[in-house]
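**Q** Structure below; questions to follow.
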Amino acid sequence: QVQLVESGGGSVQAGGSLRLSCEASGYTVSSNYAGWFRQAPGKEREGVAVIRTGGGITYYADSVQGRFTISQDNAKNTVYLQMNSLKPEDTAMYYCAAGFRGPDYRRSTFLSPAAFSHWGQGTQVTVSS
């Protein structure tokens, strides 16, 4: 059974930083793709960052490019999201995802929630102005 457990969320002021962690069990993160998605109240879930864990290729949403960094630690079977220069609009529940299922390998597909089959329970990030 695949389990993804997120941690590291919290409340910060604008301009601050947080690092989210996603520890996987029952699944080897180095074997596929993993990503971070977020959902703000009243909005659809959206892709934030995805990494091809076997090769380090990354994809980012335009809104976080240059501020967020996704990385992995295969020995710990963990994926991270370093978030810097946080803005109030980054406030959302952040979810870890794994088990990429396509249907293709376009950037837009990687950042689509429908492309992933395994999900964590989420960790809340709140950024105040």
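Numbering starts fresh at 1 for the residues of each chain in the structure tokens, the chains themselves are lettered A, B, ... in the order given, and ligands are numbered from 1 as they appear.
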Check the DSSP output for the backbone and give back, as a ChimeraX atom specification, the residues of chain A in alpha helix (DSSP H).
**A** /A:107-110
**Q** Under the rule that only C-alpha atoms are counted, which of A:Arg19, A:Arg106, A:Arg101, A:Lys43 is the nearest residue to His118 (chain A)?
**A**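 Looking only at the distances to His118 (chain A), the closest residue turns out to be A:Arg101.
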**Q** Residues at most 8 Å from Asp90 (chain A), counting only C-alpha atoms, excluding those fewer than 5 positions away in the same chain, as a ChimeraX atom specification?
**A** /A:125-127
**Q** Which residues come within 12 Å of Gly122 (chain A), counting only C-alpha atoms, excluding same-chain residues fewer than 3 positions away, as number ranges by chain?
**A** A: 3-10, 20-23, 36-40, 45, 92-97, 119, 125
**Q** Go through region 8-64 of chain A and collect every residue that DSSP, computed from the backbone, puts in strand (DSSP E); the answer should be as a PyMOL selection string.
**A** chain A and resi 10-13+18-25+33-39+46-52+57-60
**Q** Just write the chosen residues, C-alpha atoms, as a compact mmCIF listing (two decimals), in the first residue's frame.
**A**
```txt
# COMPACT_ATOMS: atom_id res chain seq x y z
CA GLY A 10 2.95 26.26 8.78
CA SER A 11 2.32 29.99 8.97
CA VAL A 12 4.87 32.52 7.79
CA GLN A 13 4.97 36.15 6.82
CA LEU A 18 9.30 26.90 4.34
CA ARG A 19 10.48 23.45 3.35
CA LEU A 20 7.91 20.76 2.80
CA SER A 21 8.77 17.07 3.00
CA CYS A 22 6.99 14.07 1.53
CA GLU A 23 8.03 10.68 2.86
CA ALA A 24 6.89 7.71 0.83
CA SER A 25 6.28 4.13 1.92
CA TYR A 33 7.93 11.07 -11.10
CA ALA A 34 6.79 12.87 -7.96
CA GLY A 35 5.31 16.25 -7.46
CA TRP A 36 3.73 18.90 -5.33
CA PHE A 37 0.30 20.33 -5.93
CA ARG A 38 -1.76 22.87 -4.02
CA GLN A 39 -5.36 23.81 -3.53
CA GLU A 46 -3.04 22.97 -9.38
CA GLY A 47 0.44 21.72 -10.13
CA VAL A 48 3.33 23.45 -8.40
CA ALA A 49 6.44 21.39 -9.14
CA VAL A 50 7.24 17.94 -10.48
CA ILE A 51 10.52 16.03 -10.58
CA ARG A 52 11.61 13.04 -12.61
CA ILE A 57 14.35 16.83 -14.61
CA THR A 58 11.98 19.35 -13.05
CA TYR A 59 8.87 21.24 -14.07
CA TYR A 60 7.46 24.28 -12.31
```
**Q** Quick one: of A:Gly15, A:Ser31, A:Ser63, A:Phe68, who's nearest to Tyr80 (chain A), counting only C-alpha atoms?
**A**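 Counting only C-alpha atoms, the residue closest to Tyr80 (chain A) is A:Phe68.
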**Q** I need the residue nearest Tyr27 (chain A) from this list: A:Gly102, A:Arg67, A:Val2, A:Ala14. Use only C-alpha atoms for the distance.
**A**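 Between A:Gly102, A:Arg67, A:Val2, A:Ala14, the residue approaching Tyr27 (chain A) most closely is A:Val2.
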**Q** Please determine, counting only C-alpha atoms, which residue among A:Ala75, A:Ser129, A:Gln121, A:Ser112 has the shortest atom-to-atom distance to Ala61 (chain A).
**A**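 For Ala61 (chain A), the nearest of the candidates is A:Ser112.
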**Q** Find, counting only C-alpha atoms, the residue in A:Thr78, A:Ser128, A:Thr123, A:Thr91 that gets nearest to Thr28 (chain A).
**A**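 Smallest distance to Thr28 (chain A) is found for A:Thr78.
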**Q** Expressed in Å to a single decimal, how great is the separation between CA of Asn84 (chain A) and CA of Ser17 (chain A)?
**A**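 Interatomic distance here is 4.4 Å.
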**Q** Measuring between only C-alpha atoms, which one of A:Gly42, A:Ser108, A:Val29, A:Gly99 shows the shortest distance to Asn77 (chain A)?
**A**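 Among A:Gly42, A:Ser108, A:Val29, A:Gly99, it is A:Val29 that comes nearest to Asn77 (chain A).
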